[in-house]
Amino acid sequence: MYGTHLTRAERRFIPRNSWHGFANPDHEVLLLWIVSPAGLDGFSAKTCNPPGVPPKQLTREQVNEIARKYGTEFR
């Protein structure tokens with residue numbers, strides 16, 4: 001799945017314990033992310049903003065500190 005490009009309204013299943021990520025440096029990203037089992041929603045609430053709200057200015061270490069509370073990490 002590395003290097004997969006999605007167009008509008010496409011979706012992907014990411015298996016458990018798989019490294020993944022996304023980038024869209026030229027535009028604001030509106031992302032619907034469904035996570036199962038529940039739990040990472042708390043991480044998203046602490047690191048992301050709703051559309052139209054300026055992004056939170058978190059360092060990589062701050063993001064990872066929050067992520068560890070939810071059993072995940074970022075490289």
# chains A, B, ... in the order shown; residues from 1 in each chain; ligands from 1

call {"tool": "select_by_dssp", "arguments": {"residues": "chain A", "states": "alpha helix (DSSP H)", "output": "PyMOL selection string"}}
result
chain A and resi 41-47+60-69

call {"tool": "write_last_selection", "arguments": {"atoms": "N, CA, C and O atoms", "output": "short mmCIF file (atom, residue, chain, number, x, y, z; two decimals), in the first residue's frame"}}
result
data_model
loop_
_atom_site.label_atom_id
_atom_site.label_comp_id
_atom_site.auth_asym_id
_atom_site.auth_seq_id
_atom_site.Cartn_x
_atom_site.Cartn_y
_atom_site.Cartn_z
N ASP A 41 -9.92 7.93 19.25
CA ASP A 41 -10.68 9.17 19.11
C ASP A 41 -10.20 10.22 20.10
O ASP A 41 -10.17 11.40 19.80
N GLY A 42 -9.76 9.80 21.28
CA GLY A 42 -9.21 10.72 22.27
C GLY A 42 -7.93 11.37 21.77
O GLY A 42 -7.69 12.56 21.97
N PHE A 43 -7.09 10.58 21.09
CA PHE A 43 -5.87 11.12 20.50
C PHE A 43 -6.22 12.18 19.47
O PHE A 43 -5.64 13.27 19.47
N SER A 44 -7.16 11.88 18.60
CA SER A 44 -7.55 12.84 17.56
C SER A 44 -8.10 14.12 18.18
O SER A 44 -7.79 15.21 17.71
N ALA A 45 -8.88 13.99 19.23
CA ALA A 45 -9.45 15.17 19.88
C ALA A 45 -8.36 16.07 20.45
O ALA A 45 -8.50 17.30 20.46
N LYS A 46 -7.26 15.47 20.90
CA LYS A 46 -6.18 16.25 21.51
C LYS A 46 -5.17 16.79 20.51
O LYS A 46 -4.40 17.68 20.83
N THR A 47 -5.16 16.26 19.29
CA THR A 47 -4.14 16.68 18.33
C THR A 47 -4.70 17.33 17.06
O THR A 47 -3.95 17.96 16.34
N ARG A 60 6.68 17.35 17.41
CA ARG A 60 6.64 15.89 17.23
C ARG A 60 6.65 15.19 18.59
O ARG A 60 5.94 14.22 18.80
N GLU A 61 7.46 15.69 19.52
CA GLU A 61 7.52 15.07 20.85
C GLU A 61 6.19 15.21 21.59
O GLU A 61 5.74 14.29 22.26
N GLN A 62 5.53 16.36 21.47
CA GLN A 62 4.22 16.53 22.11
C GLN A 62 3.20 15.56 21.52
O GLN A 62 2.41 14.97 22.25
N VAL A 63 3.21 15.40 20.20
CA VAL A 63 2.29 14.46 19.55
C VAL A 63 2.58 13.04 20.05
O VAL A 63 1.66 12.29 20.39
N ASN A 64 3.85 12.66 20.12
CA ASN A 64 4.18 11.31 20.58
C ASN A 64 3.86 11.10 22.05
O ASN A 64 3.46 10.01 22.46
N GLU A 65 3.99 12.14 22.85
CA GLU A 65 3.61 12.03 24.26
C GLU A 65 2.12 11.73 24.40
O GLU A 65 1.71 10.88 25.18
N ILE A 66 1.32 12.44 23.62
CA ILE A 66 -0.13 12.18 23.61
C ILE A 66 -0.40 10.79 23.05
O ILE A 66 -1.20 10.02 23.59
N ALA A 67 0.27 10.43 21.95
CA ALA A 67 0.05 9.13 21.30
C ALA A 67 0.33 7.97 22.24
O ALA A 67 -0.41 6.98 22.24
N ARG A 68 1.39 8.07 23.03
CA ARG A 68 1.73 6.97 23.96
C ARG A 68 0.60 6.69 24.94
O ARG A 68 0.40 5.56 25.37
N LYS A 69 -0.17 7.71 25.30
CA LYS A 69 -1.31 7.52 26.21
C LYS A 69 -2.39 6.65 25.56
O LYS A 69 -3.23 6.09 26.24
#

call {"tool": "atom_distance", "arguments": {"atom1": "CA of Gly39 (chain A)", "atom2": "CA of Pro51 (chain A)"}}
result
21.6 Å

call {"tool": "atom_distance", "arguments": {"atom1": "CA of Pro54 (chain A)", "atom2": "CA of Phe13 (chain A)"}}
result
28.6 Å

call {"tool": "atom_distance", "arguments": {"atom1": "CA of Glu28 (chain A)", "atom2": "CA of Gly52 (chain A)"}}
result
9.0 Å

call {"tool": "residues_around", "arguments": {"residues": "Asn17 (chain A)", "least_positions_apart": "3", "cutoff": "12 Å", "atoms": "only C-alpha atoms", "output": "PyMOL selection string"}}
result
chain A and resi 14+20+71-73

call {"tool": "closest_residue", "arguments": {"among": "A:His5, A:Arg75, A:Cys48, A:Pro55", "to": "Ala23 (chain A)", "atoms": "only C-alpha atoms"}}
result
A:His5
